[in-house]
file model22.cif (mmCIF, C-alpha atoms)
data_my_file
loop_
_atom_site.label_atom_id
_atom_site.label_comp_id
_atom_site.auth_asym_id
_atom_site.auth_seq_id
_atom_site.Cartn_x
_atom_site.Cartn_y
_atom_site.Cartn_z
CA MET A 519 110.55 98.07 108.86
CA SER A 520 111.27 96.15 105.65
CA THR A 521 109.96 97.22 102.26
CA LEU A 522 106.37 96.05 101.70
CA VAL A 523 105.39 94.07 98.60
CA TYR A 524 102.17 95.00 96.81
CA ALA A 525 100.93 92.66 94.07
CA HIS A 526 100.15 94.81 91.01
CA ARG A 527 96.60 93.95 89.89
CA GLY A 528 97.16 90.82 91.96
CA ALA A 529 99.73 88.23 90.92
CA SER A 530 99.28 89.41 87.35
CA LYS A 531 102.07 87.35 85.79
CA LEU A 532 100.50 84.14 87.08
CA ALA A 533 96.77 84.86 86.72
CA PRO A 534 94.51 87.27 84.80
CA GLU A 535 95.01 90.76 86.21
CA ASN A 536 92.42 92.24 88.56
CA THR A 537 90.57 88.96 89.10
CA MET A 538 89.87 87.15 92.34
CA THR A 539 92.24 84.36 91.29
CA ALA A 540 95.05 86.92 90.91
CA PHE A 541 94.30 88.40 94.33
CA ILE A 542 94.05 85.06 96.13
CA THR A 543 97.27 83.88 94.45
CA ALA A 544 99.04 87.02 95.67
CA GLU A 545 98.04 86.25 99.24
CA GLU A 546 99.21 82.65 98.89
CA LEU A 547 102.58 83.86 97.61
CA GLY A 548 103.11 86.00 100.70
CA ALA A 549 102.52 89.49 99.28
CA ASP A 550 101.87 92.11 101.97
CA GLY A 551 99.32 93.97 99.92
CA ILE A 552 97.29 94.15 96.74
CA GLU A 553 97.12 96.96 94.19
CA LEU A 554 93.96 97.17 92.09
CA ASP A 555 92.01 99.58 89.88
CA VAL A 556 88.44 100.77 90.39
CA GLN A 557 85.97 102.32 87.95
CA LEU A 558 82.18 102.71 88.04
CA SER A 559 79.67 100.71 86.03
CA LYS A 560 76.71 102.36 84.27
CA ASP A 561 74.66 101.86 87.46
CA ASN A 562 77.39 103.34 89.70
CA ILE A 563 78.72 100.06 91.10
CA PRO A 564 82.50 100.04 91.74
CA VAL A 565 84.14 97.38 89.56
CA ILE A 566 87.76 96.24 89.40
CA ILE A 567 89.36 96.64 85.98
CA HIS A 568 92.33 98.63 84.70
CA ASP A 569 91.45 99.78 81.18
CA GLU A 570 88.60 102.16 80.51
CA THR A 571 87.57 99.80 77.71
CA LEU A 572 86.79 96.08 77.91
CA ASN A 573 88.58 94.97 74.75
CA ARG A 574 91.99 93.92 76.11
CA THR A 575 91.08 91.82 79.14
CA THR A 576 87.55 90.54 78.44
CA ASN A 577 85.43 89.22 75.61
CA GLY A 578 83.44 92.46 75.69
CA VAL A 579 83.89 95.64 73.64
CA GLY A 580 83.43 99.29 74.43
CA TYR A 581 83.65 101.31 77.61
CA VAL A 582 83.22 99.95 81.13
CA LYS A 583 81.00 102.93 81.96
CA ASP A 584 78.42 101.88 79.35
CA TYR A 585 77.65 98.51 81.01
CA THR A 586 75.72 97.74 84.18
CA ALA A 587 77.47 95.69 86.86
CA LYS A 588 75.28 92.70 85.96
CA GLU A 589 76.25 92.97 82.30
CA LEU A 590 79.94 93.22 83.23
CA GLU A 591 79.62 90.16 85.46
CA GLU A 592 78.52 88.09 82.45
CA LEU A 593 81.76 88.77 80.56
CA ASP A 594 84.75 86.42 80.44
CA ALA A 595 87.79 88.13 81.99
CA GLY A 596 90.14 85.15 81.90
CA SER A 597 90.35 83.54 78.45
CA TRP A 598 92.63 86.29 77.10
CA PHE A 599 95.25 85.15 79.64
CA THR A 600 95.03 81.37 79.12
CA PRO A 601 92.20 78.98 78.20
CA LEU A 602 92.54 77.53 81.72
CA HIS A 603 91.19 80.80 83.11
CA MET A 604 88.05 80.83 81.03
CA GLY A 605 85.10 82.06 83.07
CA GLU A 606 86.99 84.47 85.32
CA LYS A 607 84.80 87.44 86.18
CA ILE A 608 85.31 91.18 86.56
CA PRO A 609 84.97 91.51 90.34
CA THR A 610 82.91 94.23 91.94
CA LEU A 611 84.65 96.05 94.77
CA ASP A 612 82.03 94.48 97.04
CA ASN A 613 83.08 90.98 95.85
CA PHE A 614 86.69 91.78 96.57
CA LEU A 615 86.20 93.41 99.97
CA SER A 616 84.09 90.55 101.28
CA TRP A 617 87.20 88.37 100.77
CA PHE A 618 89.85 90.98 101.58
CA SER A 619 88.26 91.83 104.92
CA THR A 620 88.99 88.26 106.08
CA THR A 621 92.73 88.65 105.35
CA LYS A 622 95.46 90.67 107.03
CA MET A 623 96.66 92.22 103.79
CA LEU A 624 97.08 95.87 102.87
CA LEU A 625 95.29 97.52 99.95
CA ASN A 626 96.35 100.09 97.38
CA LEU A 627 93.16 101.12 95.60
CA GLU A 628 93.72 103.21 92.49
CA LEU A 629 90.83 105.33 91.26
CA LYS A 630 90.86 105.13 87.45
CA ASN A 631 89.29 108.51 86.89
CA SER A 632 91.90 110.45 84.93
CA LEU A 633 90.44 109.94 81.45
CA ILE A 634 86.78 109.50 82.45
CA GLU A 635 85.17 111.47 85.24
CA TYR A 636 83.21 109.11 87.47
CA LYS A 637 81.08 111.47 89.51
CA GLY A 638 80.79 110.45 93.13
CA ILE A 639 83.32 107.61 92.91
CA GLU A 640 85.28 108.94 95.90
CA GLN A 641 82.29 108.91 98.26
CA ILE A 642 81.09 105.50 97.04
CA VAL A 643 84.51 103.92 97.55
CA CYS A 644 85.16 105.57 100.93
CA ASP A 645 81.77 104.43 102.23
CA MET A 646 82.44 100.87 101.13
CA LEU A 647 85.90 100.75 102.71
CA LYS A 648 84.43 101.99 105.98
CA ALA A 649 81.53 99.53 105.82
CA TYR A 650 83.98 96.63 105.54
CA LYS A 651 86.24 98.18 108.21
CA VAL A 652 89.34 98.09 106.01
CA ASP A 653 89.87 101.85 105.65
CA ASP A 654 92.72 101.74 108.18
CA ARG A 655 94.77 99.42 105.95
CA THR A 656 94.00 101.05 102.62
CA VAL A 657 95.74 103.76 100.61
CA ILE A 658 93.78 105.40 97.79
CA SER A 659 95.86 106.61 94.85
CA SER A 660 95.13 108.36 91.55
CA PHE A 661 96.76 110.32 88.76
CA ASN A 662 93.79 112.66 89.21
CA HIS A 663 95.13 114.75 92.07
CA HIS A 664 91.87 116.71 92.30
CA SER A 665 90.13 113.41 93.05
CA ILE A 666 92.63 112.64 95.80
CA LYS A 667 91.85 116.01 97.38
CA ASN A 668 88.15 115.05 97.29
CA VAL A 669 88.96 111.82 99.15
CA MET A 670 90.84 113.82 101.76
CA LYS A 671 87.80 116.03 102.32
CA ILE A 672 85.52 112.99 102.69
CA ASP A 673 87.83 111.15 105.09
CA PRO A 674 90.93 113.03 106.31
CA GLN A 675 92.08 109.90 108.15
CA LEU A 676 92.46 107.82 104.99
CA ASP A 677 95.94 107.35 103.58
CA THR A 678 96.06 108.93 100.11
CA ALA A 679 98.74 109.05 97.44
CA PHE A 680 99.48 111.11 94.36
CA LEU A 681 100.56 108.94 91.43
CA VAL A 682 103.58 110.35 89.61
CA SER A 683 104.71 109.10 86.19
CA SER A 684 106.83 111.99 84.91
CA ARG A 685 109.89 113.71 86.29
CA LEU A 686 108.77 116.18 88.93
CA GLN A 687 111.35 117.88 91.10
CA LYS A 688 110.53 117.42 94.75
CA ALA A 689 107.30 115.52 94.04
CA TRP A 690 107.16 114.78 97.76
CA GLU A 691 106.85 118.52 98.37
CA SER A 692 103.70 118.77 96.20
CA ALA A 693 102.17 115.82 98.03
CA LYS A 694 103.06 117.17 101.46
CA ASN A 695 101.74 120.65 100.65
CA ALA A 696 98.44 119.08 99.53
CA GLY A 697 98.22 117.14 102.79
CA THR A 698 98.70 113.62 101.42
CA ARG A 699 100.81 111.19 103.38
CA SER A 700 102.15 109.20 100.44
CA ILE A 701 103.35 109.33 96.85
CA HIS A 702 103.54 106.50 94.31
CA VAL A 703 106.32 107.15 91.80
CA LYS A 704 107.27 105.30 88.61
CA HIS A 705 110.38 103.36 89.56
CA ASN A 706 112.70 104.66 86.82
CA LEU A 707 112.29 108.18 88.24
CA LEU A 708 113.75 107.24 91.61
CA SER A 709 117.14 108.21 92.94
CA LYS A 710 118.72 107.48 96.30
CA GLN A 711 118.56 111.20 97.08
CA PHE A 712 114.83 111.33 96.35
CA VAL A 713 114.18 108.29 98.56
CA ASP A 714 116.17 109.85 101.39
CA GLU A 715 114.31 113.17 101.01
CA CYS A 716 110.94 111.42 101.27
CA ARG A 717 112.06 109.65 104.43
CA LYS A 718 113.37 112.91 105.93
CA GLU A 719 110.04 114.64 105.16
CA ASN A 720 107.96 111.70 106.52
CA VAL A 721 106.32 111.09 103.15
CA THR A 722 105.64 107.41 102.47
CA LEU A 723 107.14 106.38 99.13
CA ARG A 724 105.88 103.41 97.13
CA THR A 725 107.16 102.70 93.63
CA TYR A 726 105.72 100.94 90.58
CA THR A 727 105.94 98.66 88.59
CA VAL A 728 109.10 96.88 89.72
CA ASN A 729 109.68 93.47 88.11
CA ARG A 730 113.40 93.08 87.43
CA PRO A 731 115.29 91.33 90.27
CA LEU A 732 118.13 93.88 90.09
CA SER A 733 115.67 96.74 90.57
CA ILE A 734 113.85 94.93 93.38
CA ARG A 735 117.14 94.43 95.25
CA LEU A 736 118.14 98.05 94.71
CA TYR A 737 114.89 99.46 96.16
CA TYR A 738 115.15 97.10 99.12
CA LYS A 739 118.66 98.45 99.76
CA TRP A 740 117.36 102.01 99.49
CA LYS A 741 114.58 101.09 101.95
CA VAL A 742 111.72 102.33 99.80
CA ASP A 743 108.51 101.92 101.82
CA GLY A 744 106.76 99.73 99.28
CA ILE A 745 107.19 98.24 95.82
CA ILE A 746 104.30 97.45 93.50
CA THR A 747 105.13 94.44 91.33
CA ASP A 748 103.65 91.96 88.86
CA VAL A 749 105.89 89.26 90.38
CA PRO A 750 105.24 89.23 94.14
CA ASN A 751 106.63 85.68 94.30
CA THR A 752 110.02 86.94 93.07
CA ALA A 753 109.94 90.02 95.32
CA VAL A 754 109.10 87.98 98.44
CA LYS A 755 111.87 85.45 97.70
CA ILE A 756 114.48 88.17 97.21
CA ARG A 757 113.42 89.92 100.42
CA LYS A 758 113.71 86.68 102.41
CA LYS A 759 117.13 85.96 100.93
CA MET A 760 118.42 89.47 101.66
CA SER A 761 117.00 89.38 105.19
CA SER A 762 118.64 86.00 105.81
CA SER A 763 121.97 87.30 104.52
CA ILE A 764 121.83 90.31 106.88
CA LYS A 765 121.07 88.03 109.85
CA LYS A 766 124.03 85.80 109.03
CA ARG A 767 126.38 88.79 108.92
CA PHE A 768 125.27 89.80 112.42
CA LEU A 769 125.75 86.25 113.73
CA PHE A 770 129.37 85.95 112.65
#
call {"tool": "encode", "arguments": {"input": "model22.cif", "output": "structure tokens"}}
result
Amino acid sequence: MSTLVYAHRGASKLAPENTMTAFITAEELGADGIELDVQLSKDNIPVIIHDETLNRTTNGVGYVKDYTAKELEELDAGSWFTPLHMGEKIPTLDNFLSWFSTTKMLLNLELKNSLIEYKGIEQIVCDMLKAYKVDDRTVISSFNHHSIKNVMKIDPQLDTAFLVSSRLQKAWESAKNAGTRSIHVKHNLLSKQFVDECRKENVTLRTYTVNRPLSIRLYYKWKVDGIITDVPNTAVKIRKKMSSSIKKRFLF
């Protein structure tokens, strides 16, 4: 099976990150999956935004957790990217899943609960994924490995992944011992040996955030299970070109 392409916060080089436009664009570009970030509003509604604060990607200020979902919905999450995207909204997870459930895409849902503890976020998210019947094509990841263990208790069938951003010898071993099926590793930590070890141990390896064409080609050659990228258009084009080249070699 070829390496899968996940659009990091949607097609985030072409549209404001973590907005419906970014997600829809990713699908149109041929990405296999979408990576997004979930936090809880003041009234415990799952919302899709990366930073714990609103300042960078909206016209709001302060922490996401201090606003209700309705208040967050009134913010502009597009003007910071370009004036053409004025009026983009912070999607709720419900908004997103109502669209996503009509597609055939995969989902990497990251719980943003390392700096702020969102009590009950695991149960809320798992229930919503099940309600929309997309739990079988979703992997939940987090840097908060305790939270991932909570997800595993709630739904042992869900694919879960430890996020790894620092050098950790045999990170796959930690994941496997904890019972997770996957790990998501920062791409500059990868080696061919590590990739091969993950495959040998049946641990699914996805890597982030891979944007340079040379790196994309390298991880395709190493047969990493999935790459998470801001440029799914580039990743899809390179994959098609490499696949076509392999076919031609077999024909002649």
call {"tool": "resolve_selection", "arguments": {"input": "model22.cif", "expression": "the PyMOL selection byres ((chain A and resi 724) around 10)", "output": "JSON, numbers by chain"}}
result
{"A": [521, 522, 523, 524, 679, 681, 700, 701, 702, 703, 704, 705, 713, 721, 722, 723, 725, 726, 727, 737, 742, 743, 744, 745, 746]}
call {"tool": "closest_residue", "arguments": {"input": "model22.cif", "among": "A:Ala525, A:Glu535, A:Tyr636, A:Glu592", "to": "Asp561 in chain A", "atoms": "all atoms listed in the file"}}
result
A:Tyr636
call {"tool": "resolve_selection", "arguments": {"input": "model22.cif", "expression": "the PyMOL selection byres ((chain A and resi 599) around 12)", "output": "count of residues only"}}
result
25
call {"tool": "resolve_selection", "arguments": {"input": "model22.cif", "expression": "the PyMOL selection byres ((chain A and resi 632) around 9)", "output": "CSV table (one decimal) with C-alpha atoms, in the frame of the given file"}}
result
chain,number,residue,atom,x,y,z
A,629,LEU,CA,90.8,105.3,91.3
A,630,LYS,CA,90.9,105.1,87.4
A,631,ASN,CA,89.3,108.5,86.9
A,633,LEU,CA,90.4,109.9,81.4
A,634,ILE,CA,86.8,109.5,82.4
A,635,GLU,CA,85.2,111.5,85.2
A,660,SER,CA,95.1,108.4,91.6
A,661,PHE,CA,96.8,110.3,88.8
A,662,ASN,CA,93.8,112.7,89.2
A,663,HIS,CA,95.1,114.8,92.1
A,665,SER,CA,90.1,113.4,93.0
call {"tool": "atom_distance", "arguments": {"input": "model22.cif", "atom1": "CA of Val669 in chain A", "atom2": "CA of Ala549 in chain A"}}
result
26.1 Å
call {"tool": "atom_distance", "arguments": {"input": "model22.cif", "atom1": "CA of Glu628 in chain A", "atom2": "CA of Glu553 in chain A"}}
result
7.3 Å
